[in-house]
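Listing of my_file.pdb; format and content: PDB, N, CA and C atoms.
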```pdb
ATOM      1  N   MET V  78       0.818  -1.176   0.000
ATOM      2  CA  MET V  78       0.000   0.000   0.000
ATOM      3  C   MET V  78       0.875   1.258   0.000
ATOM      4  N   GLU V  79       1.885   1.265   0.833
ATOM      5  CA  GLU V  79       2.756   2.436   0.900
ATOM      6  C   GLU V  79       3.422   2.697  -0.448
ATOM      7  N   HIS V  80       3.845   1.618  -1.105
ATOM      8  CA  HIS V  80       4.488   1.760  -2.414
ATOM      9  C   HIS V  80       3.513   2.343  -3.442
ATOM     10  N   ARG V  81       2.285   1.839  -3.441
ATOM     11  CA  ARG V  81       1.291   2.284  -4.423
ATOM     12  C   ARG V  81       0.895   3.740  -4.214
ATOM     13  N   THR V  82       0.878   4.216  -2.980
ATOM     14  CA  THR V  82       0.420   5.578  -2.709
ATOM     15  C   THR V  82       1.560   6.579  -2.497
ATOM     16  N   ALA V  83       2.792   6.139  -2.559
ATOM     17  CA  ALA V  83       3.939   7.013  -2.261
ATOM     18  C   ALA V  83       3.985   8.252  -3.150
ATOM     19  N   ALA V  84       3.682   8.099  -4.408
ATOM     20  CA  ALA V  84       3.740   9.225  -5.343
ATOM     21  C   ALA V  84       2.350   9.728  -5.709
ATOM     22  N   ALA V  85       1.408   9.612  -4.787
ATOM     23  CA  ALA V  85       0.012   9.959  -5.062
ATOM     24  C   ALA V  85      -0.158  11.393  -5.547
ATOM     25  N   GLU V  86       0.629  12.304  -4.999
ATOM     26  CA  GLU V  86       0.463  13.712  -5.358
ATOM     27  C   GLU V  86       0.757  13.998  -6.825
ATOM     28  N   GLY V  87       1.454  13.107  -7.503
ATOM     29  CA  GLY V  87       1.711  13.302  -8.920
ATOM     30  C   GLY V  87       0.998  12.296  -9.800
ATOM     31  N   ASP V  88       0.083  11.518  -9.218
ATOM     32  CA  ASP V  88      -0.568  10.427  -9.931
ATOM     33  C   ASP V  88      -2.028  10.767 -10.200
ATOM     34  N   THR V  89      -2.446  10.656 -11.460
ATOM     35  CA  THR V  89      -3.827  10.973 -11.815
ATOM     36  C   THR V  89      -4.826  10.026 -11.148
ATOM     37  N   THR V  90      -4.416   8.793 -10.857
ATOM     38  CA  THR V  90      -5.306   7.854 -10.171
ATOM     39  C   THR V  90      -5.772   8.437  -8.841
ATOM     40  N   PHE V  91      -4.901   9.173  -8.167
ATOM     41  CA  PHE V  91      -5.207   9.754  -6.867
ATOM     42  C   PHE V  91      -5.546  11.238  -6.980
ATOM     43  N   LEU V  92      -5.852  11.693  -8.195
ATOM     44  CA  LEU V  92      -6.231  13.080  -8.474
ATOM     45  C   LEU V  92      -5.160  14.072  -8.025
ATOM     46  N   GLY V  93      -3.918  13.611  -8.010
ATOM     47  CA  GLY V  93      -2.803  14.488  -7.664
ATOM     48  C   GLY V  93      -2.807  14.950  -6.223
ATOM     49  N   ALA V  94      -3.484  14.221  -5.361
ATOM     50  CA  ALA V  94      -3.604  14.629  -3.955
ATOM     51  C   ALA V  94      -2.916  13.620  -3.048
ATOM     52  N   PRO V  95      -2.507  14.059  -1.864
ATOM     53  CA  PRO V  95      -1.918  13.119  -0.919
ATOM     54  C   PRO V  95      -2.976  12.120  -0.448
ATOM     55  N   VAL V  96      -2.524  10.981   0.039
ATOM     56  CA  VAL V  96      -3.416   9.912   0.481
ATOM     57  C   VAL V  96      -3.294   9.739   1.985
ATOM     58  N   GLU V  97      -4.436   9.599   2.642
ATOM     59  CA  GLU V  97      -4.468   9.270   4.064
ATOM     60  C   GLU V  97      -5.048   7.861   4.180
ATOM     61  N   THR V  98      -4.295   6.955   4.746
ATOM     62  CA  THR V  98      -4.761   5.586   4.932
ATOM     63  C   THR V  98      -5.715   5.547   6.120
ATOM     64  N   VAL V  99      -6.944   5.066   5.882
ATOM     65  CA  VAL V  99      -7.919   4.962   6.957
ATOM     66  C   VAL V  99      -8.174   3.507   7.340
ATOM     67  N   ALA V 100      -7.796   2.577   6.456
ATOM     68  CA  ALA V 100      -7.933   1.149   6.743
ATOM     69  C   ALA V 100      -7.038   0.392   5.783
ATOM     70  N   SER V 101      -6.629  -0.781   6.194
ATOM     71  CA  SER V 101      -5.879  -1.660   5.297
ATOM     72  C   SER V 101      -6.294  -3.094   5.591
ATOM     73  N   TYR V 102      -6.144  -3.936   4.587
ATOM     74  CA  TYR V 102      -6.564  -5.328   4.683
ATOM     75  C   TYR V 102      -5.429  -6.184   4.148
ATOM     76  N   SER V 103      -5.155  -7.289   4.809
ATOM     77  CA  SER V 103      -4.086  -8.185   4.373
ATOM     78  C   SER V 103      -4.665  -9.304   3.524
ATOM     79  N   LEU V 104      -3.966  -9.607   2.424
ATOM     80  CA  LEU V 104      -4.340 -10.725   1.572
ATOM     81  C   LEU V 104      -3.125 -11.114   0.754
ATOM     82  N   PRO V 105      -3.100 -12.337   0.253
ATOM     83  CA  PRO V 105      -1.961 -12.754  -0.573
ATOM     84  C   PRO V 105      -1.863 -11.872  -1.816
ATOM     85  N   ALA V 106      -0.653 -11.605  -2.252
ATOM     86  CA  ALA V 106      -0.433 -10.736  -3.408
ATOM     87  C   ALA V 106      -1.193 -11.220  -4.644
ATOM     88  N   VAL V 107      -1.276 -12.529  -4.836
ATOM     89  CA  VAL V 107      -1.971 -13.054  -6.019
ATOM     90  C   VAL V 107      -3.463 -12.766  -5.979
ATOM     91  N   ALA V 108      -4.006 -12.457  -4.807
ATOM     92  CA  ALA V 108      -5.438 -12.189  -4.682
ATOM     93  C   ALA V 108      -5.776 -10.708  -4.834
ATOM     94  N   ALA V 109      -4.775  -9.844  -4.827
ATOM     95  CA  ALA V 109      -5.034  -8.402  -4.833
ATOM     96  C   ALA V 109      -5.870  -7.954  -6.027
ATOM     97  N   GLN V 110      -5.463  -8.329  -7.225
ATOM     98  CA  GLN V 110      -6.204  -7.906  -8.410
ATOM     99  C   GLN V 110      -7.620  -8.485  -8.450
ATOM    100  N   PRO V 111      -7.810  -9.781  -8.210
ATOM    101  CA  PRO V 111      -9.183 -10.304  -8.204
ATOM    102  C   PRO V 111     -10.076  -9.654  -7.140
ATOM    103  N   VAL V 112      -9.544  -9.411  -5.960
ATOM    104  CA  VAL V 112     -10.338  -8.786  -4.897
ATOM    105  C   VAL V 112     -10.679  -7.353  -5.282
ATOM    106  N   GLU V 113      -9.733  -6.636  -5.853
ATOM    107  CA  GLU V 113     -10.007  -5.270  -6.299
ATOM    108  C   GLU V 113     -11.123  -5.277  -7.352
ATOM    109  N   ALA V 114     -11.079  -6.218  -8.281
ATOM    110  CA  ALA V 114     -12.124  -6.311  -9.316
ATOM    111  C   ALA V 114     -13.486  -6.611  -8.689
ATOM    112  N   ILE V 115     -13.516  -7.504  -7.708
ATOM    113  CA  ILE V 115     -14.771  -7.821  -7.019
ATOM    114  C   ILE V 115     -15.328  -6.573  -6.336
ATOM    115  N   LEU V 116     -14.463  -5.838  -5.651
ATOM    116  CA  LEU V 116     -14.909  -4.629  -4.955
ATOM    117  C   LEU V 116     -15.390  -3.565  -5.927
ATOM    118  N   HIS V 117     -14.676  -3.379  -7.036
ATOM    119  CA  HIS V 117     -15.111  -2.406  -8.047
ATOM    120  C   HIS V 117     -16.491  -2.769  -8.576
ATOM    121  N   ASN V 118     -16.703  -4.044  -8.842
ATOM    122  CA  ASN V 118     -17.997  -4.498  -9.343
ATOM    123  C   ASN V 118     -19.083  -4.341  -8.275
ATOM    124  N   PHE V 119     -18.783  -4.740  -7.059
ATOM    125  CA  PHE V 119     -19.750  -4.693  -5.973
ATOM    126  C   PHE V 119     -20.211  -3.260  -5.688
ATOM    127  N   PHE V 120     -19.272  -2.310  -5.732
ATOM    128  CA  PHE V 120     -19.598  -0.918  -5.412
ATOM    129  C   PHE V 120     -19.806  -0.048  -6.659
ATOM    130  N   ALA V 121     -19.971  -0.647  -7.816
ATOM    131  CA  ALA V 121     -20.102   0.106  -9.072
ATOM    132  C   ALA V 121     -21.210   1.152  -9.023
ATOM    133  N   SER V 122     -22.294   0.860  -8.341
ATOM    134  CA  SER V 122     -23.413   1.804  -8.268
ATOM    135  C   SER V 122     -23.060   3.069  -7.484
ATOM    136  N   ALA V 123     -21.953   3.045  -6.767
ATOM    137  CA  ALA V 123     -21.529   4.200  -5.975
ATOM    138  C   ALA V 123     -20.274   4.860  -6.550
ATOM    139  N   ARG V 124     -19.911   4.465  -7.785
ATOM    140  CA  ARG V 124     -18.717   5.044  -8.427
ATOM    141  C   ARG V 124     -18.957   6.525  -8.708
ATOM    142  N   LEU V 125     -17.944   7.333  -8.429
ATOM    143  CA  LEU V 125     -18.005   8.762  -8.718
ATOM    144  C   LEU V 125     -17.421   9.023 -10.099
ATOM    145  N   ASP V 126     -18.083   9.848 -10.851
ATOM    146  CA  ASP V 126     -17.541  10.286 -12.141
ATOM    147  C   ASP V 126     -16.723  11.532 -11.881
ATOM    148  N   THR V 127     -15.428  11.407 -12.005
ATOM    149  CA  THR V 127     -14.558  12.547 -11.749
ATOM    150  C   THR V 127     -13.383  12.512 -12.710
ATOM    151  N   TRP V 128     -12.613  13.539 -12.731
ATOM    152  CA  TRP V 128     -11.488  13.635 -13.648
ATOM    153  C   TRP V 128     -10.363  14.417 -12.995
ATOM    154  N   PHE V 129      -9.221  14.338 -13.611
ATOM    155  CA  PHE V 129      -8.025  15.017 -13.125
ATOM    156  C   PHE V 129      -7.636  16.070 -14.144
ATOM    157  N   GLU V 130      -7.498  17.296 -13.692
ATOM    158  CA  GLU V 130      -7.143  18.394 -14.587
ATOM    159  C   GLU V 130      -5.748  18.919 -14.271
ATOM    160  N   GLN V 131      -5.054  19.305 -15.325
ATOM    161  CA  GLN V 131      -3.788  20.024 -15.208
ATOM    162  C   GLN V 131      -3.843  21.157 -16.212
ATOM    163  N   ASN V 132      -3.511  22.343 -15.777
ATOM    164  CA  ASN V 132      -3.536  23.517 -16.650
ATOM    165  C   ASN V 132      -4.886  23.672 -17.341
ATOM    166  N   HIS V 133      -5.952  23.450 -16.585
ATOM    167  CA  HIS V 133      -7.335  23.595 -17.055
ATOM    168  C   HIS V 133      -7.704  22.644 -18.187
ATOM    169  N   GLN V 134      -6.988  21.533 -18.285
ATOM    170  CA  GLN V 134      -7.308  20.513 -19.283
ATOM    171  C   GLN V 134      -7.468  19.179 -18.568
ATOM    172  N   ILE V 135      -8.502  18.430 -18.966
ATOM    173  CA  ILE V 135      -8.694  17.099 -18.403
ATOM    174  C   ILE V 135      -7.619  16.186 -18.963
ATOM    175  N   VAL V 136      -6.832  15.592 -18.078
ATOM    176  CA  VAL V 136      -5.751  14.710 -18.522
ATOM    177  C   VAL V 136      -6.043  13.246 -18.217
ATOM    178  N   ALA V 137      -7.045  12.981 -17.364
ATOM    179  CA  ALA V 137      -7.385  11.590 -17.056
ATOM    180  C   ALA V 137      -8.743  11.532 -16.374
ATOM    181  N   GLU V 138      -9.461  10.456 -16.644
ATOM    182  CA  GLU V 138     -10.670  10.162 -15.893
ATOM    183  C   GLU V 138     -10.263   9.299 -14.704
ATOM    184  N   ALA V 139     -10.882   9.535 -13.585
ATOM    185  CA  ALA V 139     -10.585   8.758 -12.388
ATOM    186  C   ALA V 139     -11.758   7.827 -12.121
ATOM    187  N   ASN V 140     -11.523   6.531 -12.244
ATOM    188  CA  ASN V 140     -12.602   5.562 -12.012
ATOM    189  C   ASN V 140     -12.332   4.705 -10.781
ATOM    190  N   GLU V 141     -11.469   5.184  -9.917
ATOM    191  CA  GLU V 141     -11.105   4.453  -8.700
ATOM    192  C   GLU V 141     -11.806   5.020  -7.469
ATOM    193  N   TRP V 142     -12.740   5.923  -7.657
ATOM    194  CA  TRP V 142     -13.340   6.624  -6.537
ATOM    195  C   TRP V 142     -14.794   6.220  -6.365
ATOM    196  N   PHE V 143     -15.164   5.941  -5.103
ATOM    197  CA  PHE V 143     -16.510   5.496  -4.772
ATOM    198  C   PHE V 143     -16.982   6.248  -3.535
ATOM    199  N   ASP V 144     -18.267   6.522  -3.456
ATOM    200  CA  ASP V 144     -18.857   7.146  -2.279
ATOM    201  C   ASP V 144     -19.488   6.038  -1.432
ATOM    202  N   VAL V 145     -18.675   5.455  -0.549
ATOM    203  CA  VAL V 145     -19.078   4.286   0.239
ATOM    204  C   VAL V 145     -18.546   4.457   1.661
ATOM    205  N   PRO V 146     -19.383   4.211   2.670
ATOM    206  CA  PRO V 146     -18.869   4.296   4.042
ATOM    207  C   PRO V 146     -17.903   3.149   4.342
ATOM    208  N   LEU V 147     -16.964   3.417   5.205
ATOM    209  CA  LEU V 147     -15.969   2.415   5.577
ATOM    210  C   LEU V 147     -16.630   1.150   6.121
ATOM    211  N   SER V 148     -17.720   1.287   6.828
ATOM    212  CA  SER V 148     -18.406   0.110   7.376
ATOM    213  C   SER V 148     -18.891  -0.822   6.263
ATOM    214  N   ALA V 149     -19.315  -0.265   5.131
ATOM    215  CA  ALA V 149     -19.758  -1.097   4.002
ATOM    216  C   ALA V 149     -18.574  -1.815   3.363
ATOM    217  N   ILE V 150     -17.426  -1.155   3.317
ATOM    218  CA  ILE V 150     -16.222  -1.791   2.784
ATOM    219  C   ILE V 150     -15.810  -2.943   3.695
ATOM    220  N   ASP V 151     -15.812  -2.701   5.002
ATOM    221  CA  ASP V 151     -15.492  -3.770   5.962
ATOM    222  C   ASP V 151     -16.434  -4.957   5.779
ATOM    223  N   GLU V 152     -17.718  -4.678   5.592
ATOM    224  CA  GLU V 152     -18.698  -5.750   5.416
ATOM    225  C   GLU V 152     -18.445  -6.509   4.109
ATOM    226  N   ALA V 153     -18.134  -5.789   3.035
ATOM    227  CA  ALA V 153     -17.853  -6.441   1.753
ATOM    228  C   ALA V 153     -16.618  -7.334   1.859
ATOM    229  N   ILE V 154     -15.592  -6.882   2.544
ATOM    230  CA  ILE V 154     -14.382  -7.693   2.738
ATOM    231  C   ILE V 154     -14.731  -8.969   3.492
ATOM    232  N   ALA V 155     -15.525  -8.846   4.547
ATOM    233  CA  ALA V 155     -15.934 -10.033   5.310
ATOM    234  C   ALA V 155     -16.736 -10.991   4.434
ATOM    235  N   LEU V 156     -17.583 -10.464   3.555
ATOM    236  CA  LEU V 156     -18.367 -11.314   2.662
ATOM    237  C   LEU V 156     -17.484 -12.007   1.629
ATOM    238  N   ILE V 157     -16.455 -11.337   1.158
ATOM    239  CA  ILE V 157     -15.501 -11.968   0.236
ATOM    240  C   ILE V 157     -14.796 -13.117   0.954
ATOM    241  N   GLN V 158     -14.357 -12.869   2.172
ATOM    242  CA  GLN V 158     -13.649 -13.891   2.943
ATOM    243  C   GLN V 158     -14.521 -15.110   3.221
ATOM    244  N   SER V 159     -15.829 -14.910   3.343
ATOM    245  CA  SER V 159     -16.729 -16.026   3.643
ATOM    246  C   SER V 159     -17.364 -16.614   2.385
ATOM    247  N   ASP V 160     -16.926 -16.144   1.218
ATOM    248  CA  ASP V 160     -17.478 -16.591  -0.067
ATOM    249  C   ASP V 160     -18.977 -16.329  -0.183
ATOM    250  N   GLY V 161     -19.461 -15.283   0.447
ATOM    251  CA  GLY V 161     -20.893 -15.008   0.406
ATOM    252  C   GLY V 161     -21.292 -13.741  -0.318
ATOM    253  N   ILE V 162     -20.319 -13.047  -0.909
ATOM    254  CA  ILE V 162     -20.615 -11.732  -1.469
ATOM    255  C   ILE V 162     -21.623 -11.781  -2.621
ATOM    256  N   GLU V 163     -21.674 -12.898  -3.353
ATOM    257  CA  GLU V 163     -22.590 -12.977  -4.503
ATOM    258  C   GLU V 163     -24.055 -12.922  -4.076
ATOM    259  N   SER V 164     -24.358 -13.130  -2.814
ATOM    260  CA  SER V 164     -25.729 -13.067  -2.324
ATOM    261  C   SER V 164     -26.129 -11.666  -1.863
ATOM    262  N   TYR V 165     -25.196 -10.724  -1.964
ATOM    263  CA  TYR V 165     -25.420  -9.373  -1.454
ATOM    264  C   TYR V 165     -25.192  -8.341  -2.548
ATOM    265  N   GLU V 166     -25.671  -7.125  -2.275
ATOM    266  CA  GLU V 166     -25.460  -5.993  -3.169
ATOM    267  C   GLU V 166     -25.286  -4.742  -2.322
ATOM    268  N   TYR V 167     -24.699  -3.727  -2.919
ATOM    269  CA  TYR V 167     -24.573  -2.442  -2.231
ATOM    270  C   TYR V 167     -25.681  -1.540  -2.732
ATOM    271  N   HIS V 168     -26.392  -0.925  -1.809
ATOM    272  CA  HIS V 168     -27.476  -0.015  -2.155
ATOM    273  C   HIS V 168     -26.999   1.411  -1.868
ATOM    274  N   PRO V 169     -26.695   2.199  -2.907
ATOM    275  CA  PRO V 169     -26.087   3.512  -2.683
ATOM    276  C   PRO V 169     -27.000   4.525  -1.985
ATOM    277  N   LYS V 170     -28.301   4.476  -2.234
ATOM    278  CA  LYS V 170     -29.192   5.444  -1.568
ATOM    279  C   LYS V 170     -29.301   5.158  -0.077
ATOM    280  N   GLU V 171     -29.295   3.889   0.283
ATOM    281  CA  GLU V 171     -29.334   3.513   1.698
ATOM    282  C   GLU V 171     -27.940   3.492   2.316
ATOM    283  N   ARG V 172     -26.917   3.512   1.442
ATOM    284  CA  ARG V 172     -25.509   3.494   1.862
ATOM    285  C   ARG V 172     -25.207   2.284   2.735
ATOM    286  N   ARG V 173     -25.715   1.105   2.277
ATOM    287  CA  ARG V 173     -25.480  -0.106   3.056
ATOM    288  C   ARG V 173     -25.483  -1.328   2.149
ATOM    289  N   VAL V 174     -24.905  -2.400   2.680
ATOM    290  CA  VAL V 174     -24.895  -3.707   2.023
ATOM    291  C   VAL V 174     -26.181  -4.403   2.434
ATOM    292  N   ARG V 175     -26.826  -5.063   1.462
ATOM    293  CA  ARG V 175     -28.055  -5.789   1.772
ATOM    294  C   ARG V 175     -28.150  -7.047   0.937
ATOM    295  N   LEU V 176     -28.978  -7.987   1.377
ATOM    296  CA  LEU V 176     -29.226  -9.192   0.619
ATOM    297  C   LEU V 176     -29.857  -8.832  -0.723
ATOM    298  N   ARG V 177     -29.425  -9.544  -1.755
ATOM    299  CA  ARG V 177     -30.042  -9.324  -3.071
ATOM    300  C   ARG V 177     -31.517  -9.669  -3.000
ATOM    301  N   SER V 178     -32.326  -8.877  -3.699
ATOM    302  CA  SER V 178     -33.768  -9.170  -3.704
ATOM    303  C   SER V 178     -34.162  -9.992  -4.901
TER     304      SER V 178
END
```
As structure tokens, the full file:
Amino acid sequence: MEHRTAAAEGDTTFLGAPVETVASYSLPAVAAQPVEAILHNFFASARLDTWFEQNHQIVAEANEWFDVPLSAIDEAIALIQSDGIESYEYHPKERRVRLRS
């Protein structure tokens, strides 16, 4: 995590801003990409449409940003660990994880 965010202030992924770590999760390196994909898919309904500008020109779209409370992320991680996430969905208006209807 430290390596990935070290140069955040110059990285369009982080909108050129410093990063404050509020939580971290341990997992095997080989699982990082699949877990990230699962989380992106799970929270897709809460994705923010934003962009990074330099000199008043858009230089990149940022698709790594979501409006999700930390408690929902913790719950999604627990559901991934228990192999139960496919039975749940994130509801952005309620800002919570719930059973699929």
Enumerate, as a short mmCIF file (atom, residue, chain, number, x, y, z; two decimals) with N, CA and C atoms, in the coordinates of the input, the complete set of residues in chain V that a backbone-based DSSP assignment places in alpha helix (DSSP H).
```cif
data_model
loop_
_atom_site.label_atom_id
_atom_site.label_comp_id
_atom_site.auth_asym_id
_atom_site.auth_seq_id
_atom_site.Cartn_x
_atom_site.Cartn_y
_atom_site.Cartn_z
N GLU V 79 1.88 1.26 0.83
CA GLU V 79 2.76 2.44 0.90
C GLU V 79 3.42 2.70 -0.45
N HIS V 80 3.84 1.62 -1.10
CA HIS V 80 4.49 1.76 -2.41
C HIS V 80 3.51 2.34 -3.44
N ARG V 81 2.28 1.84 -3.44
CA ARG V 81 1.29 2.28 -4.42
C ARG V 81 0.90 3.74 -4.21
N THR V 82 0.88 4.22 -2.98
CA THR V 82 0.42 5.58 -2.71
C THR V 82 1.56 6.58 -2.50
N ALA V 106 -0.65 -11.60 -2.25
CA ALA V 106 -0.43 -10.74 -3.41
C ALA V 106 -1.19 -11.22 -4.64
N VAL V 107 -1.28 -12.53 -4.84
CA VAL V 107 -1.97 -13.05 -6.02
C VAL V 107 -3.46 -12.77 -5.98
N ALA V 108 -4.01 -12.46 -4.81
CA ALA V 108 -5.44 -12.19 -4.68
C ALA V 108 -5.78 -10.71 -4.83
N ALA V 109 -4.78 -9.84 -4.83
CA ALA V 109 -5.03 -8.40 -4.83
C ALA V 109 -5.87 -7.95 -6.03
N GLN V 110 -5.46 -8.33 -7.22
CA GLN V 110 -6.20 -7.91 -8.41
C GLN V 110 -7.62 -8.48 -8.45
N PRO V 111 -7.81 -9.78 -8.21
CA PRO V 111 -9.18 -10.30 -8.20
C PRO V 111 -10.08 -9.65 -7.14
N VAL V 112 -9.54 -9.41 -5.96
CA VAL V 112 -10.34 -8.79 -4.90
C VAL V 112 -10.68 -7.35 -5.28
N GLU V 113 -9.73 -6.64 -5.85
CA GLU V 113 -10.01 -5.27 -6.30
C GLU V 113 -11.12 -5.28 -7.35
N ALA V 114 -11.08 -6.22 -8.28
CA ALA V 114 -12.12 -6.31 -9.32
C ALA V 114 -13.49 -6.61 -8.69
N ILE V 115 -13.52 -7.50 -7.71
CA ILE V 115 -14.77 -7.82 -7.02
C ILE V 115 -15.33 -6.57 -6.34
N LEU V 116 -14.46 -5.84 -5.65
CA LEU V 116 -14.91 -4.63 -4.96
C LEU V 116 -15.39 -3.56 -5.93
N HIS V 117 -14.68 -3.38 -7.04
CA HIS V 117 -15.11 -2.41 -8.05
C HIS V 117 -16.49 -2.77 -8.58
N ASN V 118 -16.70 -4.04 -8.84
CA ASN V 118 -18.00 -4.50 -9.34
C ASN V 118 -19.08 -4.34 -8.28
N PHE V 119 -18.78 -4.74 -7.06
CA PHE V 119 -19.75 -4.69 -5.97
C PHE V 119 -20.21 -3.26 -5.69
N LEU V 147 -16.96 3.42 5.20
CA LEU V 147 -15.97 2.42 5.58
C LEU V 147 -16.63 1.15 6.12
N SER V 148 -17.72 1.29 6.83
CA SER V 148 -18.41 0.11 7.38
C SER V 148 -18.89 -0.82 6.26
N ALA V 149 -19.32 -0.26 5.13
CA ALA V 149 -19.76 -1.10 4.00
C ALA V 149 -18.57 -1.82 3.36
N ILE V 150 -17.43 -1.16 3.32
CA ILE V 150 -16.22 -1.79 2.78
C ILE V 150 -15.81 -2.94 3.70
N ASP V 151 -15.81 -2.70 5.00
CA ASP V 151 -15.49 -3.77 5.96
C ASP V 151 -16.43 -4.96 5.78
N GLU V 152 -17.72 -4.68 5.59
CA GLU V 152 -18.70 -5.75 5.42
C GLU V 152 -18.44 -6.51 4.11
N ALA V 153 -18.13 -5.79 3.04
CA ALA V 153 -17.85 -6.44 1.75
C ALA V 153 -16.62 -7.33 1.86
N ILE V 154 -15.59 -6.88 2.54
CA ILE V 154 -14.38 -7.69 2.74
C ILE V 154 -14.73 -8.97 3.49
N ALA V 155 -15.52 -8.85 4.55
CA ALA V 155 -15.93 -10.03 5.31
C ALA V 155 -16.74 -10.99 4.43
N LEU V 156 -17.58 -10.46 3.56
CA LEU V 156 -18.37 -11.31 2.66
C LEU V 156 -17.48 -12.01 1.63
N ILE V 157 -16.45 -11.34 1.16
CA ILE V 157 -15.50 -11.97 0.24
C ILE V 157 -14.80 -13.12 0.95
N GLN V 158 -14.36 -12.87 2.17
CA GLN V 158 -13.65 -13.89 2.94
C GLN V 158 -14.52 -15.11 3.22
#
```
remark   = Restricting to all atoms listed in the file, whichever of V:Pro169, V:Val107, V:Met78, V:Val112 is closest to Ile157 (chain V) is V:Val112
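For the pair CA of Ala149 (chain V) and CA of Arg172 (chain V), the interatomic distance is 7.7 Å.
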task = Taking the DSSP assignment computed from this structure's backbone, write out as a PyMOL selection string all residues of chain V that belong to strand (DSSP E).
result = chain V and resi 127-131+134-139+165-168+173-176
Written file, previous selection with N, CA and C atoms, as a PDB file, keeping the file's coordinate frame:
```pdb
ATOM      1  N   THR V 127     -15.428  11.407 -12.005  1.00  0.00           N
ATOM      2  CA  THR V 127     -14.558  12.547 -11.749  1.00  0.00           C
ATOM      3  C   THR V 127     -13.383  12.512 -12.710  1.00  0.00           C
ATOM      4  N   TRP V 128     -12.613  13.539 -12.731  1.00  0.00           N
ATOM      5  CA  TRP V 128     -11.488  13.635 -13.648  1.00  0.00           C
ATOM      6  C   TRP V 128     -10.363  14.417 -12.995  1.00  0.00           C
ATOM      7  N   PHE V 129      -9.221  14.338 -13.611  1.00  0.00           N
ATOM      8  CA  PHE V 129      -8.025  15.017 -13.125  1.00  0.00           C
ATOM      9  C   PHE V 129      -7.636  16.070 -14.144  1.00  0.00           C
ATOM     10  N   GLU V 130      -7.498  17.296 -13.692  1.00  0.00           N
ATOM     11  CA  GLU V 130      -7.143  18.394 -14.587  1.00  0.00           C
ATOM     12  C   GLU V 130      -5.748  18.919 -14.271  1.00  0.00           C
ATOM     13  N   GLN V 131      -5.054  19.305 -15.325  1.00  0.00           N
ATOM     14  CA  GLN V 131      -3.788  20.024 -15.208  1.00  0.00           C
ATOM     15  C   GLN V 131      -3.843  21.157 -16.212  1.00  0.00           C
ATOM     16  N   GLN V 134      -6.988  21.533 -18.285  1.00  0.00           N
ATOM     17  CA  GLN V 134      -7.308  20.513 -19.283  1.00  0.00           C
ATOM     18  C   GLN V 134      -7.468  19.179 -18.568  1.00  0.00           C
ATOM     19  N   ILE V 135      -8.502  18.430 -18.966  1.00  0.00           N
ATOM     20  CA  ILE V 135      -8.694  17.099 -18.403  1.00  0.00           C
ATOM     21  C   ILE V 135      -7.619  16.186 -18.963  1.00  0.00           C
ATOM     22  N   VAL V 136      -6.832  15.592 -18.078  1.00  0.00           N
ATOM     23  CA  VAL V 136      -5.751  14.710 -18.522  1.00  0.00           C
ATOM     24  C   VAL V 136      -6.043  13.246 -18.217  1.00  0.00           C
ATOM     25  N   ALA V 137      -7.045  12.981 -17.364  1.00  0.00           N
ATOM     26  CA  ALA V 137      -7.385  11.590 -17.056  1.00  0.00           C
ATOM     27  C   ALA V 137      -8.743  11.532 -16.374  1.00  0.00           C
ATOM     28  N   GLU V 138      -9.461  10.456 -16.644  1.00  0.00           N
ATOM     29  CA  GLU V 138     -10.670  10.162 -15.893  1.00  0.00           C
ATOM     30  C   GLU V 138     -10.263   9.299 -14.704  1.00  0.00           C
ATOM     31  N   ALA V 139     -10.882   9.535 -13.585  1.00  0.00           N
ATOM     32  CA  ALA V 139     -10.585   8.758 -12.388  1.00  0.00           C
ATOM     33  C   ALA V 139     -11.758   7.827 -12.121  1.00  0.00           C
ATOM     34  N   TYR V 165     -25.196 -10.724  -1.964  1.00  0.00           N
ATOM     35  CA  TYR V 165     -25.420  -9.373  -1.454  1.00  0.00           C
ATOM     36  C   TYR V 165     -25.192  -8.341  -2.548  1.00  0.00           C
ATOM     37  N   GLU V 166     -25.671  -7.125  -2.275  1.00  0.00           N
ATOM     38  CA  GLU V 166     -25.460  -5.993  -3.169  1.00  0.00           C
ATOM     39  C   GLU V 166     -25.286  -4.742  -2.322  1.00  0.00           C
ATOM     40  N   TYR V 167     -24.699  -3.727  -2.919  1.00  0.00           N
ATOM     41  CA  TYR V 167     -24.573  -2.442  -2.231  1.00  0.00           C
ATOM     42  C   TYR V 167     -25.681  -1.540  -2.732  1.00  0.00           C
ATOM     43  N   HIS V 168     -26.392  -0.925  -1.809  1.00  0.00           N
ATOM     44  CA  HIS V 168     -27.476  -0.015  -2.155  1.00  0.00           C
ATOM     45  C   HIS V 168     -26.999   1.411  -1.868  1.00  0.00           C
ATOM     46  N   ARG V 173     -25.715   1.105   2.277  1.00  0.00           N
ATOM     47  CA  ARG V 173     -25.480  -0.106   3.056  1.00  0.00           C
ATOM     48  C   ARG V 173     -25.483  -1.328   2.149  1.00  0.00           C
ATOM     49  N   VAL V 174     -24.905  -2.400   2.680  1.00  0.00           N
ATOM     50  CA  VAL V 174     -24.895  -3.707   2.023  1.00  0.00           C
ATOM     51  C   VAL V 174     -26.181  -4.403   2.434  1.00  0.00           C
ATOM     52  N   ARG V 175     -26.826  -5.063   1.462  1.00  0.00           N
ATOM     53  CA  ARG V 175     -28.055  -5.789   1.772  1.00  0.00           C
ATOM     54  C   ARG V 175     -28.150  -7.047   0.937  1.00  0.00           C
ATOM     55  N   LEU V 176     -28.978  -7.987   1.377  1.00  0.00           N
ATOM     56  CA  LEU V 176     -29.226  -9.192   0.619  1.00  0.00           C
ATOM     57  C   LEU V 176     -29.857  -8.832  -0.723  1.00  0.00           C
TER      58      LEU V 176
END
```
inquiry  = Translate the PyMOL selection byres (((chain V and resi 144 and name CA) around 12) and name CA) into a concrete residue list for this structure, as a PyMOL selection string.
reply    = chain V and resi 117+120-127+140-143+145-150+167-173
request  = Give me, please, the distance in Å between atom N of Glu113 (chain V) and atom N of Leu156 (chain V), quoted to one decimal.
outcome  = 12.8 Å
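When CA of Gly161 (chain V) is paired with CA of Val99 (chain V), their separation reads 24.7 Å.
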query = Using all atoms listed in the file, which residues sit within 8 Å of Ala84 (chain V) once same-chain residues fewer than 3 positions away are excluded, as a PyMOL selection string?
reply = chain V and resi 79-81+87-89+91+93-96
